[in-house]
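Down below is the structure, laid out as C-alpha coordinates.
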Amino acid sequence: MTTASPRPRLLPVPAVALWSGQRVVTPPLHIGPDGVSHRGTEERDAEGQLWPQVHGARTGRPEYAVMNPLLQRQAMDRLLCQVGMGPATRTEHGMLWILPRPAGSPEDPEYDWTEGVTTTEPPVCLFHARVSAHQCPRLGKRGHVAVYVRDAELVAVEAPTTHRWRDPSVPSRPLVPSTRRTPA
(Lines give C-alpha, C1' and ligand atoms only; values in the text may rest on other atoms or scores of the structure.)
Protein backbone atom coordinates (compact mmCIF):
# COMPACT_ATOMS: atom_id res chain seq x y z
CA MET A 1 0.00 0.00 0.00
CA THR A 2 1.38 3.37 -0.95
CA THR A 3 0.45 6.53 0.79
CA ALA A 4 0.27 9.75 -1.07
CA SER A 5 2.36 12.52 0.35
CA PRO A 6 0.36 15.60 1.21
CA ARG A 7 0.44 18.37 -1.32
CA PRO A 8 2.31 21.45 -0.23
CA ARG A 9 -0.01 24.27 0.68
CA LEU A 10 0.63 27.06 -1.76
CA LEU A 11 -0.04 30.52 -0.46
CA PRO A 12 0.09 33.70 -2.49
CA VAL A 13 3.31 35.65 -2.12
CA PRO A 14 2.70 39.35 -1.52
CA ALA A 15 3.47 41.29 -4.68
CA VAL A 16 5.49 43.77 -2.62
CA ALA A 17 7.83 41.05 -1.25
CA LEU A 18 11.44 41.04 -2.40
CA TRP A 19 12.73 37.69 -3.73
CA SER A 20 16.10 36.09 -2.98
CA GLY A 21 16.97 36.44 -6.69
CA GLN A 22 16.64 40.22 -6.41
CA ARG A 23 18.79 42.83 -4.78
CA VAL A 24 18.15 46.45 -3.95
CA VAL A 25 20.73 48.77 -5.46
CA THR A 26 21.00 52.35 -4.32
CA PRO A 27 22.73 54.64 -6.83
CA PRO A 28 26.23 55.47 -5.57
CA LEU A 29 26.62 58.88 -3.99
CA HIS A 30 29.36 61.33 -4.82
CA ILE A 31 30.58 64.06 -2.45
CA GLY A 32 32.05 66.96 -4.37
CA PRO A 33 32.50 70.72 -4.19
CA ASP A 34 28.90 71.23 -5.32
CA GLY A 35 27.49 69.00 -2.59
CA VAL A 36 26.19 65.46 -2.56
CA SER A 37 24.96 63.95 -5.83
CA HIS A 38 24.58 60.51 -7.28
CA ARG A 39 25.91 58.85 -10.38
CA GLY A 40 23.93 56.40 -12.46
CA THR A 41 20.41 56.12 -13.73
CA GLU A 42 17.93 58.27 -11.89
CA GLU A 43 14.71 57.00 -10.34
CA ARG A 44 12.89 59.86 -8.64
CA ASP A 45 9.26 60.21 -7.65
CA ALA A 46 7.01 63.27 -8.10
CA GLU A 47 8.43 64.82 -4.89
CA GLY A 48 12.02 64.44 -6.15
CA GLN A 49 12.85 61.62 -3.72
CA LEU A 50 15.65 59.36 -5.02
CA TRP A 51 14.61 55.70 -5.10
CA PRO A 52 16.74 52.59 -5.33
CA GLN A 53 16.63 50.14 -8.21
CA VAL A 54 15.81 46.46 -7.94
CA HIS A 55 18.06 44.17 -9.95
CA GLY A 56 17.38 40.52 -10.69
CA ALA A 57 14.33 38.39 -11.34
CA ARG A 58 11.55 37.30 -8.99
CA THR A 59 13.21 33.92 -8.52
CA GLY A 60 14.34 31.89 -5.55
CA ARG A 61 12.50 32.29 -2.25
CA PRO A 62 10.27 35.21 -1.25
CA GLU A 63 11.74 37.38 1.49
CA TYR A 64 8.47 37.99 3.32
CA ALA A 65 9.97 40.43 5.81
CA VAL A 66 11.57 42.64 3.12
CA MET A 67 9.55 44.73 0.68
CA ASN A 68 10.54 45.53 -2.87
CA PRO A 69 10.81 49.33 -2.53
CA LEU A 70 9.52 50.04 -6.02
CA LEU A 71 6.44 47.81 -5.74
CA GLN A 72 5.81 49.00 -2.18
CA ARG A 73 5.93 52.60 -3.42
CA GLN A 74 3.54 51.81 -6.28
CA ALA A 75 1.10 50.05 -3.92
CA MET A 76 1.17 52.94 -1.44
CA ASP A 77 0.92 55.68 -4.08
CA ARG A 78 -2.08 54.03 -5.76
CA LEU A 79 -3.45 52.35 -2.59
CA LEU A 80 -3.34 48.86 -4.10
CA CYS A 81 -3.55 45.51 -2.32
CA GLN A 82 -0.05 44.54 -1.20
CA VAL A 83 -0.64 40.89 -2.14
CA GLY A 84 -2.34 41.03 -5.55
CA MET A 85 -1.66 44.66 -6.61
CA GLY A 86 -5.35 45.04 -7.48
CA PRO A 87 -7.64 47.58 -5.83
CA ALA A 88 -7.67 47.52 -2.03
CA THR A 89 -11.10 46.86 -0.50
CA ARG A 90 -13.08 50.07 0.03
CA THR A 91 -16.44 50.26 1.76
CA GLU A 92 -18.56 53.04 3.24
CA HIS A 93 -16.36 52.63 6.37
CA GLY A 94 -13.08 53.16 4.52
CA MET A 95 -10.18 51.16 3.10
CA LEU A 96 -9.05 47.83 4.58
CA TRP A 97 -5.67 47.63 6.31
CA ILE A 98 -4.22 44.75 8.33
CA LEU A 99 -1.89 46.25 10.95
CA PRO A 100 0.14 44.91 13.87
CA ARG A 101 -1.80 44.87 17.13
CA PRO A 102 -0.75 47.87 19.22
CA ALA A 103 1.66 47.12 22.07
CA GLY A 104 0.63 47.78 25.64
CA SER A 105 -2.79 47.88 27.21
CA PRO A 106 -5.92 49.91 26.41
CA GLU A 107 -5.06 52.19 29.38
CA ASP A 108 -1.76 53.15 27.71
CA PRO A 109 -2.02 56.45 25.71
CA GLU A 110 0.17 54.93 22.96
CA TYR A 111 -2.50 52.23 22.49
CA ASP A 112 -5.05 54.74 21.15
CA TRP A 113 -5.51 54.41 17.40
CA THR A 114 -7.94 57.26 16.81
CA GLU A 115 -5.36 59.12 14.72
CA GLY A 116 -1.66 59.42 14.02
CA VAL A 117 -0.87 55.77 13.27
CA THR A 118 1.65 55.40 10.44
CA THR A 119 2.59 52.31 8.47
CA THR A 120 4.76 51.26 5.56
CA GLU A 121 2.43 48.32 4.86
CA PRO A 122 0.10 48.89 1.89
CA PRO A 123 -3.63 48.15 2.30
CA VAL A 124 -5.20 44.82 1.30
CA CYS A 125 -8.25 43.52 -0.50
CA LEU A 126 -10.76 41.36 1.36
CA PHE A 127 -9.77 38.34 -0.76
CA HIS A 128 -6.13 38.50 0.47
CA ALA A 129 -6.73 39.86 3.99
CA ARG A 130 -6.79 36.54 5.85
CA VAL A 131 -3.71 35.06 4.20
CA SER A 132 -1.89 38.37 4.66
CA ALA A 133 -2.71 38.44 8.37
CA HIS A 134 -1.52 34.88 8.95
CA GLN A 135 1.48 34.78 6.60
CA CYS A 136 3.19 38.11 7.37
CA PRO A 137 6.10 37.65 9.84
CA ARG A 138 5.66 41.17 11.19
CA LEU A 139 2.01 40.55 12.05
CA GLY A 140 2.81 37.22 13.67
CA LYS A 141 4.88 38.79 16.46
CA ARG A 142 2.05 40.50 18.39
CA GLY A 143 -0.97 39.62 16.36
CA HIS A 144 -2.94 41.87 14.06
CA VAL A 145 -6.04 43.99 13.74
CA ALA A 146 -8.15 44.69 10.66
CA VAL A 147 -9.15 48.33 10.38
CA TYR A 148 -11.14 50.33 7.87
CA VAL A 149 -9.50 53.68 7.27
CA ARG A 150 -11.39 56.65 5.82
CA ASP A 151 -8.31 58.63 4.79
CA ALA A 152 -4.70 57.52 4.42
CA GLU A 153 -2.53 60.55 3.89
CA LEU A 154 0.97 60.09 2.48
CA VAL A 155 3.07 61.65 5.23
CA ALA A 156 6.70 60.58 4.91
CA VAL A 157 9.41 58.60 3.26
CA GLU A 158 11.16 56.19 5.59
CA ALA A 159 14.49 54.47 5.06
CA PRO A 160 16.42 51.67 6.67
CA THR A 161 20.06 52.42 7.39
CA THR A 162 21.72 51.06 4.26
CA HIS A 163 24.83 53.02 3.29
CA ARG A 164 27.00 53.09 0.17
CA TRP A 165 29.32 55.74 1.56
CA ARG A 166 30.34 57.14 4.89
CA ASP A 167 31.86 60.57 5.45
CA PRO A 168 32.86 60.86 9.13
CA SER A 169 32.10 64.60 9.09
CA VAL A 170 28.50 64.03 7.97
CA PRO A 171 25.87 62.40 10.19
CA SER A 172 24.76 58.98 9.05
CA ARG A 173 21.83 59.22 6.60
CA PRO A 174 19.56 56.42 5.42
CA LEU A 175 19.44 55.94 1.66
CA VAL A 176 16.74 53.38 0.82
CA PRO A 177 13.30 54.99 1.17
CA SER A 178 9.89 53.46 1.60
CA THR A 179 6.56 55.23 1.62
CA ARG A 180 4.74 55.78 4.92
CA ARG A 181 1.04 56.64 5.23
CA THR A 182 -1.05 57.74 8.15
CA PRO A 183 -4.36 55.90 8.11
CA ALA A 184 -6.64 58.37 9.87
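Following the order of the C-alpha coordinates, chains are lettered A, B, ..., residues in each are numbered from 1, and ligands are numbered from 1.
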
Dump as a Markdown table the rows for residues of segment 32-126 of chain A within 12 Å of segment 13-17 of chain A: closest atom pair and distance in Å with one decimal, only C-alpha atoms counted, ordered by chain and rising residue number.
| residue | atom | partner | partner_atom | distance |
| --- | --- | --- | --- | --- |
| A:Val54 | CA | A:Ala17 | CA | 11.7 |
| A:Arg58 | CA | A:Ala17 | CA | 9.4 |
| A:Thr59 | CA | A:Ala17 | CA | 11.5 |
| A:Arg61 | CA | A:Val13 | CA | 9.8 |
| A:Pro62 | CA | A:Ala17 | CA | 6.3 |
| A:Glu63 | CA | A:Ala17 | CA | 6.0 |
| A:Tyr64 | CA | A:Ala17 | CA | 5.5 |
| A:Ala65 | CA | A:Ala17 | CA | 7.4 |
| A:Val66 | CA | A:Ala17 | CA | 6.0 |
| A:Met67 | CA | A:Ala17 | CA | 4.5 |
| A:Asn68 | CA | A:Val16 | CA | 5.4 |
| A:Pro69 | CA | A:Val16 | CA | 7.7 |
| A:Leu70 | CA | A:Val16 | CA | 8.2 |
| A:Leu71 | CA | A:Val16 | CA | 5.2 |
| A:Gln72 | CA | A:Val16 | CA | 5.3 |
| A:Arg73 | CA | A:Val16 | CA | 8.9 |
| A:Gln74 | CA | A:Val16 | CA | 9.0 |
| A:Ala75 | CA | A:Val16 | CA | 7.8 |
| A:Met76 | CA | A:Val16 | CA | 10.2 |
| A:Leu80 | CA | A:Ala15 | CA | 10.2 |
| A:Cys81 | CA | A:Ala15 | CA | 8.5 |
| A:Gln82 | CA | A:Val16 | CA | 5.8 |
| A:Val83 | CA | A:Pro14 | CA | 3.7 |
| A:Gly84 | CA | A:Ala15 | CA | 5.9 |
| A:Met85 | CA | A:Ala15 | CA | 6.4 |
| A:Gly86 | CA | A:Ala15 | CA | 10.0 |
| A:Thr120 | CA | A:Val16 | CA | 11.1 |
| A:Glu121 | CA | A:Val16 | CA | 9.3 |
| A:Pro122 | CA | A:Val16 | CA | 8.7 |
| A:Pro123 | CA | A:Val16 | CA | 11.2 |
| A:Val124 | CA | A:Pro14 | CA | 10.0 |
| A:Cys125 | CA | A:Pro14 | CA | 11.8 |

Surrounding residues of segment 95-103 of chain A excluding itself and chain neighbours under 2 positions, 10 Å, only C-alpha atoms, as a ChimeraX atom specification: /A:79,81-82,87-93,105-106,108,110-113,117-126,129-130,132-133,136,138-152,183

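Those residues in segment 62-152 of chain A carrying a DSSP assignment of strand (DSSP E or B), computed from the backbone, are Pro62, Glu63, Tyr64, Ala65, Val66, Met67, Leu80, Pro87, Arg90, Thr91, Gly94, Met95, Leu96, Trp97, Ile98, Leu99, Pro100, Thr119, His144, Val145, Ala146, Val147, Tyr148, Val149 and Ala152 of chain A.
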